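Below you'll find the structure, written out as C-alpha cells, and then a few comments.
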Amino acid sequence: MNQSKVYILVIEHIKMLVKKGEITIGGKLPSERQLMATLKMSRNSIREALRSLENMGIVESRHGQGTFLVNHIDQRLGSMFSLLLFMKECSVKEVHQLRRSIETSAYLLAVKQVQDTQIQELCACLDALKNSSTENRATLDKQFHDTLVQFSENRMFILLNDTLSQLYECTIQEQQAHLSPGDWEKLLSCHANIVDSLLRREETAGVHAIAAHYAFVEMLTP
C-alpha cells in the first residue's frame, strides 16, 4: 500500500477515536498490534505512519509506555519557519508582516470581549517592559504581544503567534540591545498606544497603533 495512503488512514482512525471520545490530548493511542488488526496493515506501515505523525508534532512515542496524542505542532512549525529563514525562502520582513496581520486580527477580536482584569494584566506587562534591563527586554516584549493575542481566544492566532514569537525572540533581543535611548522610548510609546486603545475599546486606534509599532520595528530591522 502507498505510504501516503497509510498515513491518511491512520490519521482518519485517530480522528474517529477523538470524535467518539475514546481518546483526548495526552491520551494513549491503541498499540501497534491493535492498529495493525483494525486497519489491516503491516507493522512497518503502522510504524512509518506513526513516525510521520510524530515528526508533525501530533503524536509522541514514549519508550516502554506507548504512543500518545499530543499537540506539539507549534514546535514543528517553529522548526519549519526557522529552516525557511535559513534557506532564505522567506525574510524577517515577511515574518514581521505575518505577525502584524495576526496581531491586528487578534486585537479586533479582543477589543470586543476583553475584560478590565485582562487589560490590567497587559498594563502589568507594559510596566515590566518599561522597568526592564536590556537583557530582559526581548522576553518581556514577547510576553506583552503573546498576552494581547491570547485575549482574542482564537486558538489558531495563538498557535501561529507563539510559533513566530519564539522564532523571532533572539532577533528581538539582538535588535533591542543596540537601540538608542530615544528609539527605546519610541518603542515603549508604541506599546503604550496599543494598551491605551484597548482600554478605550477603540478598534481603529488599536489597528493604527499596531501598524505603527510594526512599521517602527521594520525600520529598525537591517
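Chain labels run A, B, ... following the order of the C-alpha cells; each chain numbers its residues from 1, and ligands are numbered from 1 in the order shown.
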
Could you pull the residues within 10 Å of Gln150 of chain A, counting only C-alpha atoms, minus those fewer than 2 positions along the same chain, as a PDB file with all heavy atoms, in the first residue's frame?
```pdb
ATOM      1  N   GLU A 103      -1.639  39.802  14.781  1.00  0.00           N
ATOM      2  CA  GLU A 103      -1.892  40.632  15.960  1.00  0.00           C
ATOM      3  C   GLU A 103      -3.048  41.610  15.716  1.00  0.00           C
ATOM      4  O   GLU A 103      -3.856  41.865  16.610  1.00  0.00           O
ATOM      5  CB  GLU A 103      -0.632  41.397  16.352  1.00  0.00           C
ATOM      6  CG  GLU A 103      -0.736  42.057  17.709  1.00  0.00           C
ATOM      7  CD  GLU A 103       0.612  42.471  18.267  1.00  0.00           C
ATOM      8  OE1 GLU A 103       1.613  41.756  18.025  1.00  0.00           O
ATOM      9  OE2 GLU A 103       0.661  43.506  18.944  1.00  0.00           O
ATOM     10  N   ALA A 106      -6.210  39.590  15.894  1.00  0.00           N
ATOM     11  CA  ALA A 106      -6.439  39.211  17.289  1.00  0.00           C
ATOM     12  C   ALA A 106      -6.954  40.400  18.091  1.00  0.00           C
ATOM     13  O   ALA A 106      -7.855  40.253  18.930  1.00  0.00           O
ATOM     14  CB  ALA A 106      -5.143  38.677  17.905  1.00  0.00           C
ATOM     15  N   TYR A 107      -6.391  41.575  17.837  1.00  0.00           N
ATOM     16  CA  TYR A 107      -6.836  42.782  18.552  1.00  0.00           C
ATOM     17  C   TYR A 107      -8.312  43.064  18.268  1.00  0.00           C
ATOM     18  O   TYR A 107      -9.082  43.403  19.181  1.00  0.00           O
ATOM     19  CB  TYR A 107      -5.984  43.989  18.134  1.00  0.00           C
ATOM     20  CG  TYR A 107      -6.439  45.281  18.782  1.00  0.00           C
ATOM     21  CD1 TYR A 107      -5.946  45.670  20.015  1.00  0.00           C
ATOM     22  CD2 TYR A 107      -7.391  46.097  18.165  1.00  0.00           C
ATOM     23  CE1 TYR A 107      -6.378  46.838  20.627  1.00  0.00           C
ATOM     24  CE2 TYR A 107      -7.835  47.265  18.769  1.00  0.00           C
ATOM     25  CZ  TYR A 107      -7.320  47.625  19.996  1.00  0.00           C
ATOM     26  OH  TYR A 107      -7.771  48.785  20.601  1.00  0.00           O
ATOM     27  N   ALA A 110     -10.236  40.772  20.326  1.00  0.00           N
ATOM     28  CA  ALA A 110     -10.058  41.038  21.751  1.00  0.00           C
ATOM     29  C   ALA A 110     -10.807  42.275  22.209  1.00  0.00           C
ATOM     30  O   ALA A 110     -11.402  42.284  23.298  1.00  0.00           O
ATOM     31  CB  ALA A 110      -8.567  41.187  22.064  1.00  0.00           C
ATOM     32  N   GLN A 118      -8.166  41.642  32.462  1.00  0.00           N
ATOM     33  CA  GLN A 118      -7.207  41.220  31.452  1.00  0.00           C
ATOM     34  C   GLN A 118      -6.364  42.402  30.981  1.00  0.00           C
ATOM     35  O   GLN A 118      -5.146  42.272  30.791  1.00  0.00           O
ATOM     36  CB  GLN A 118      -7.936  40.585  30.261  1.00  0.00           C
ATOM     37  CG  GLN A 118      -8.591  39.255  30.571  1.00  0.00           C
ATOM     38  CD  GLN A 118      -9.360  38.717  29.383  1.00  0.00           C
ATOM     39  OE1 GLN A 118     -10.295  39.354  28.887  1.00  0.00           O
ATOM     40  NE2 GLN A 118      -8.969  37.544  28.918  1.00  0.00           N
ATOM     41  N   HIS A 145       3.159  40.908  23.706  1.00  0.00           N
ATOM     42  CA  HIS A 145       2.425  40.591  22.476  1.00  0.00           C
ATOM     43  C   HIS A 145       1.686  39.251  22.577  1.00  0.00           C
ATOM     44  O   HIS A 145       0.574  39.120  22.055  1.00  0.00           O
ATOM     45  CB  HIS A 145       3.377  40.619  21.287  1.00  0.00           C
ATOM     46  CG  HIS A 145       3.901  41.984  20.980  1.00  0.00           C
ATOM     47  ND1 HIS A 145       3.164  42.935  20.317  1.00  0.00           N
ATOM     48  CD2 HIS A 145       5.083  42.574  21.299  1.00  0.00           C
ATOM     49  CE1 HIS A 145       3.872  44.054  20.211  1.00  0.00           C
ATOM     50  NE2 HIS A 145       5.034  43.860  20.799  1.00  0.00           N
ATOM     51  N   ASP A 146       2.298  38.277  23.234  1.00  0.00           N
ATOM     52  CA  ASP A 146       1.624  36.991  23.438  1.00  0.00           C
ATOM     53  C   ASP A 146       0.341  37.187  24.249  1.00  0.00           C
ATOM     54  O   ASP A 146      -0.700  36.586  23.945  1.00  0.00           O
ATOM     55  CB  ASP A 146       2.535  36.010  24.181  1.00  0.00           C
ATOM     56  CG  ASP A 146       3.679  35.501  23.317  1.00  0.00           C
ATOM     57  OD1 ASP A 146       3.688  35.794  22.115  1.00  0.00           O
ATOM     58  OD2 ASP A 146       4.569  34.813  23.860  1.00  0.00           O
ATOM     59  N   THR A 147       0.417  38.018  25.281  1.00  0.00           N
ATOM     60  CA  THR A 147      -0.747  38.274  26.132  1.00  0.00           C
ATOM     61  C   THR A 147      -1.867  38.926  25.336  1.00  0.00           C
ATOM     62  O   THR A 147      -3.040  38.535  25.454  1.00  0.00           O
ATOM     63  CB  THR A 147      -0.357  39.185  27.319  1.00  0.00           C
ATOM     64  OG1 THR A 147       0.658  38.533  28.084  1.00  0.00           O
ATOM     65  CG2 THR A 147      -1.553  39.468  28.213  1.00  0.00           C
ATOM     66  N   LEU A 148      -1.522  39.889  24.507  1.00  0.00           N
ATOM     67  CA  LEU A 148      -2.531  40.565  23.686  1.00  0.00           C
ATOM     68  C   LEU A 148      -3.233  39.582  22.755  1.00  0.00           C
ATOM     69  O   LEU A 148      -4.466  39.580  22.652  1.00  0.00           O
ATOM     70  CB  LEU A 148      -1.871  41.681  22.875  1.00  0.00           C
ATOM     71  CG  LEU A 148      -2.791  42.444  21.910  1.00  0.00           C
ATOM     72  CD1 LEU A 148      -3.930  43.125  22.669  1.00  0.00           C
ATOM     73  CD2 LEU A 148      -1.989  43.471  21.109  1.00  0.00           C
ATOM     74  N   SER A 152      -7.679  37.293  22.281  1.00  0.00           N
ATOM     75  CA  SER A 152      -8.587  37.007  21.162  1.00  0.00           C
ATOM     76  C   SER A 152      -9.337  35.695  21.372  1.00  0.00           C
ATOM     77  O   SER A 152     -10.420  35.496  20.819  1.00  0.00           O
ATOM     78  CB  SER A 152      -7.816  36.924  19.846  1.00  0.00           C
ATOM     79  OG  SER A 152      -7.031  35.732  19.792  1.00  0.00           O
ATOM     80  N   GLU A 153      -8.733  34.791  22.156  1.00  0.00           N
ATOM     81  CA  GLU A 153      -9.269  33.449  22.400  1.00  0.00           C
ATOM     82  C   GLU A 153      -9.391  32.626  21.113  1.00  0.00           C
ATOM     83  O   GLU A 153     -10.134  31.641  21.064  1.00  0.00           O
ATOM     84  CB  GLU A 153     -10.621  33.521  23.118  1.00  0.00           C
ATOM     85  CG  GLU A 153     -10.532  34.184  24.490  1.00  0.00           C
ATOM     86  CD  GLU A 153     -11.857  34.232  25.224  1.00  0.00           C
ATOM     87  OE1 GLU A 153     -12.846  33.691  24.686  1.00  0.00           O
ATOM     88  OE2 GLU A 153     -11.904  34.810  26.322  1.00  0.00           O
ATOM     89  N   ASN A 154      -8.659  33.047  20.086  1.00  0.00           N
ATOM     90  CA  ASN A 154      -8.632  32.304  18.827  1.00  0.00           C
ATOM     91  C   ASN A 154      -7.396  31.407  18.837  1.00  0.00           C
ATOM     92  O   ASN A 154      -6.260  31.897  18.817  1.00  0.00           O
ATOM     93  CB  ASN A 154      -8.583  33.275  17.643  1.00  0.00           C
ATOM     94  CG  ASN A 154      -8.605  32.562  16.298  1.00  0.00           C
ATOM     95  OD1 ASN A 154      -7.732  31.760  15.983  1.00  0.00           O
ATOM     96  ND2 ASN A 154      -9.612  32.860  15.496  1.00  0.00           N
ATOM     97  N   ARG A 155      -7.609  30.114  18.889  1.00  0.00           N
ATOM     98  CA  ARG A 155      -6.501  29.183  19.070  1.00  0.00           C
ATOM     99  C   ARG A 155      -5.537  29.159  17.890  1.00  0.00           C
ATOM    100  O   ARG A 155      -4.345  28.902  18.061  1.00  0.00           O
ATOM    101  CB  ARG A 155      -7.046  27.779  19.371  1.00  0.00           C
ATOM    102  CG  ARG A 155      -7.599  27.661  20.783  1.00  0.00           C
ATOM    103  CD  ARG A 155      -8.232  26.317  21.055  1.00  0.00           C
ATOM    104  NE  ARG A 155      -9.465  26.135  20.299  1.00  0.00           N
ATOM    105  CZ  ARG A 155     -10.246  25.068  20.383  1.00  0.00           C
ATOM    106  NH1 ARG A 155      -9.912  24.077  21.188  1.00  0.00           N
ATOM    107  NH2 ARG A 155     -11.354  24.967  19.671  1.00  0.00           N
ATOM    108  N   PHE A 157      -4.795  31.833  15.953  1.00  0.00           N
ATOM    109  CA  PHE A 157      -3.962  33.026  16.115  1.00  0.00           C
ATOM    110  C   PHE A 157      -2.904  32.787  17.180  1.00  0.00           C
ATOM    111  O   PHE A 157      -1.743  33.165  17.017  1.00  0.00           O
ATOM    112  CB  PHE A 157      -4.821  34.237  16.507  1.00  0.00           C
ATOM    113  CG  PHE A 157      -5.706  34.768  15.418  1.00  0.00           C
ATOM    114  CD1 PHE A 157      -6.818  35.537  15.715  1.00  0.00           C
ATOM    115  CD2 PHE A 157      -5.441  34.510  14.085  1.00  0.00           C
ATOM    116  CE1 PHE A 157      -7.639  36.040  14.722  1.00  0.00           C
ATOM    117  CE2 PHE A 157      -6.256  35.003  13.074  1.00  0.00           C
ATOM    118  CZ  PHE A 157      -7.360  35.769  13.398  1.00  0.00           C
ATOM    119  N   ILE A 158      -3.318  32.184  18.297  1.00  0.00           N
ATOM    120  CA  ILE A 158      -2.394  31.942  19.411  1.00  0.00           C
ATOM    121  C   ILE A 158      -1.285  30.976  18.982  1.00  0.00           C
ATOM    122  O   ILE A 158      -0.107  31.192  19.284  1.00  0.00           O
ATOM    123  CB  ILE A 158      -3.156  31.397  20.635  1.00  0.00           C
ATOM    124  CG1 ILE A 158      -4.104  32.480  21.184  1.00  0.00           C
ATOM    125  CG2 ILE A 158      -2.191  30.939  21.720  1.00  0.00           C
ATOM    126  CD1 ILE A 158      -5.094  31.978  22.218  1.00  0.00           C
ATOM    127  N   LEU A 159      -1.651  29.922  18.258  1.00  0.00           N
ATOM    128  CA  LEU A 159      -0.668  28.944  17.793  1.00  0.00           C
ATOM    129  C   LEU A 159       0.360  29.591  16.870  1.00  0.00           C
ATOM    130  O   LEU A 159       1.580  29.439  17.064  1.00  0.00           O
ATOM    131  CB  LEU A 159      -1.384  27.804  17.062  1.00  0.00           C
ATOM    132  CG  LEU A 159      -0.493  26.805  16.312  1.00  0.00           C
ATOM    133  CD1 LEU A 159       0.372  26.026  17.288  1.00  0.00           C
ATOM    134  CD2 LEU A 159      -1.331  25.849  15.472  1.00  0.00           C
ATOM    135  N   ASN A 161       1.031  32.808  16.477  1.00  0.00           N
ATOM    136  CA  ASN A 161       1.788  33.842  17.171  1.00  0.00           C
ATOM    137  C   ASN A 161       2.880  33.233  18.040  1.00  0.00           C
ATOM    138  O   ASN A 161       4.020  33.721  18.067  1.00  0.00           O
ATOM    139  CB  ASN A 161       0.857  34.687  18.038  1.00  0.00           C
ATOM    140  CG  ASN A 161       1.621  35.680  18.889  1.00  0.00           C
ATOM    141  OD1 ASN A 161       2.131  36.682  18.390  1.00  0.00           O
ATOM    142  ND2 ASN A 161       1.721  35.416  20.182  1.00  0.00           N
ATOM    143  N   ASP A 162       2.557  32.167  18.775  1.00  0.00           N
ATOM    144  CA  ASP A 162       3.556  31.505  19.617  1.00  0.00           C
ATOM    145  C   ASP A 162       4.727  31.015  18.775  1.00  0.00           C
ATOM    146  O   ASP A 162       5.898  31.153  19.153  1.00  0.00           O
ATOM    147  CB  ASP A 162       2.935  30.325  20.362  1.00  0.00           C
ATOM    148  CG  ASP A 162       2.046  30.763  21.527  1.00  0.00           C
ATOM    149  OD1 ASP A 162       2.070  31.966  21.863  1.00  0.00           O
ATOM    150  OD2 ASP A 162       1.330  29.913  22.078  1.00  0.00           O
TER     151      ASP A 162
END
```

task = Would you list the contacts of segment 39-41 of chain A as a VMD selection string, taking every protein, DNA or RNA residue within 10 Å and counting only C-alpha atoms, but skipping same-chain residues closer than 2 positions in sequence?
result = chain A and resid 1 6 9 to 10 13 32 to 37 43 to 46

Could you write out that same residue set with N, CA, C and O atoms as a compact mmCIF listing (two decimals), in the first residue's frame?
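Just written: selection.txt:
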```txt
# COMPACT_ATOMS: atom_id res chain seq x y z
N MET A 1 0.84 -1.20 0.00
CA MET A 1 0.00 0.00 0.00
C MET A 1 0.88 1.24 0.00
O MET A 1 1.91 1.29 0.66
N VAL A 6 -1.39 5.07 3.81
CA VAL A 6 -1.32 4.53 5.17
C VAL A 6 -1.40 5.66 6.17
O VAL A 6 -2.16 5.61 7.15
N LEU A 9 -4.90 7.02 6.43
CA LEU A 9 -5.80 6.09 7.11
C LEU A 9 -5.58 6.11 8.63
O LEU A 9 -6.55 6.06 9.40
N VAL A 10 -4.33 6.23 9.05
CA VAL A 10 -4.04 6.29 10.49
C VAL A 10 -4.59 7.58 11.07
O VAL A 10 -5.18 7.59 12.16
N HIS A 13 -8.29 7.31 11.44
CA HIS A 13 -8.65 6.44 12.55
C HIS A 13 -8.52 7.19 13.88
O HIS A 13 -9.39 7.08 14.76
N GLU A 32 0.47 -0.74 18.55
CA GLU A 32 0.76 -1.05 17.15
C GLU A 32 0.00 -2.31 16.72
O GLU A 32 -0.55 -2.37 15.61
N ARG A 33 -0.04 -3.30 17.59
CA ARG A 33 -0.74 -4.55 17.26
C ARG A 33 -2.23 -4.29 17.03
O ARG A 33 -2.82 -4.84 16.10
N GLN A 34 -2.82 -3.45 17.87
CA GLN A 34 -4.24 -3.13 17.71
C GLN A 34 -4.50 -2.37 16.42
O GLN A 34 -5.47 -2.62 15.71
N LEU A 35 -3.61 -1.43 16.11
CA LEU A 35 -3.76 -0.66 14.87
C LEU A 35 -3.59 -1.57 13.66
O LEU A 35 -4.31 -1.43 12.66
N MET A 36 -2.66 -2.51 13.74
CA MET A 36 -2.45 -3.46 12.65
C MET A 36 -3.72 -4.27 12.40
O MET A 36 -4.15 -4.45 11.25
N ALA A 37 -4.34 -4.75 13.48
CA ALA A 37 -5.55 -5.57 13.34
C ALA A 37 -6.72 -4.76 12.83
O ALA A 37 -7.48 -5.22 11.97
N ARG A 43 3.12 -4.12 10.37
CA ARG A 43 3.75 -3.37 11.46
C ARG A 43 4.63 -2.24 10.91
O ARG A 43 4.63 -1.13 11.46
N ASN A 44 5.38 -2.52 9.83
CA ASN A 44 6.25 -1.49 9.25
C ASN A 44 5.44 -0.29 8.76
O ASN A 44 5.84 0.87 8.94
N SER A 45 4.29 -0.56 8.14
CA SER A 45 3.45 0.53 7.64
C SER A 45 2.92 1.38 8.79
O SER A 45 2.92 2.61 8.72
N ILE A 46 2.48 0.72 9.86
CA ILE A 46 1.97 1.45 11.03
C ILE A 46 3.08 2.28 11.65
O ILE A 46 2.88 3.46 12.00
```

ask   = Got a sec: who's within 12 Å of Gln143 of chain A, counting only C-alpha atoms, leaving out chain neighbours fewer than 3 positions off, as a list in words?
value =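 Near Gln143 of chain A, the qualifying residues are Glu121, Leu122, Cys123, Ala124, Cys125, Leu126, Asp127, Ala128, Leu129, Asn136, Arg137, Ala138, Thr139, Leu140, Asp146, Thr147, Leu148, Val149, Gln150, Asn161, Asp162, Ser165, Gln166, Glu169 and His191 of chain A.
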
task = Extract the full set of alpha helix (DSSP H) residues from segment 2-153 of chain A according to DSSP on the backbone, and format it as a VMD selection string.
result = chain A and resid 3 to 19 32 to 39 43 to 55 73 to 86 92 to 110 116 to 130 137 to 150

note = Counting only C-alpha atoms, closest pick from A:Val111, A:Ile119, A:Tyr7, A:Lys186 relative to Ala205 of chain A is A:Val111

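Using only C-alpha atoms, the smallest distance between any of A:Thr104, A:Glu54, A:Leu199, A:Thr163 and Gln120 of chain A comes from A:Leu199.
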
request  = Just the residues within 12 Å of His213 of chain A, please, counting only C-alpha atoms, with nothing from its chain fewer than 5 positions along; format it as JSON, numbers by chain.
outcome  = {"A": [96, 97, 99, 100, 103, 104, 141, 145, 183, 184, 186, 187, 188, 189, 190, 191, 192, 193, 194, 206, 207, 208, 218, 219, 220]}
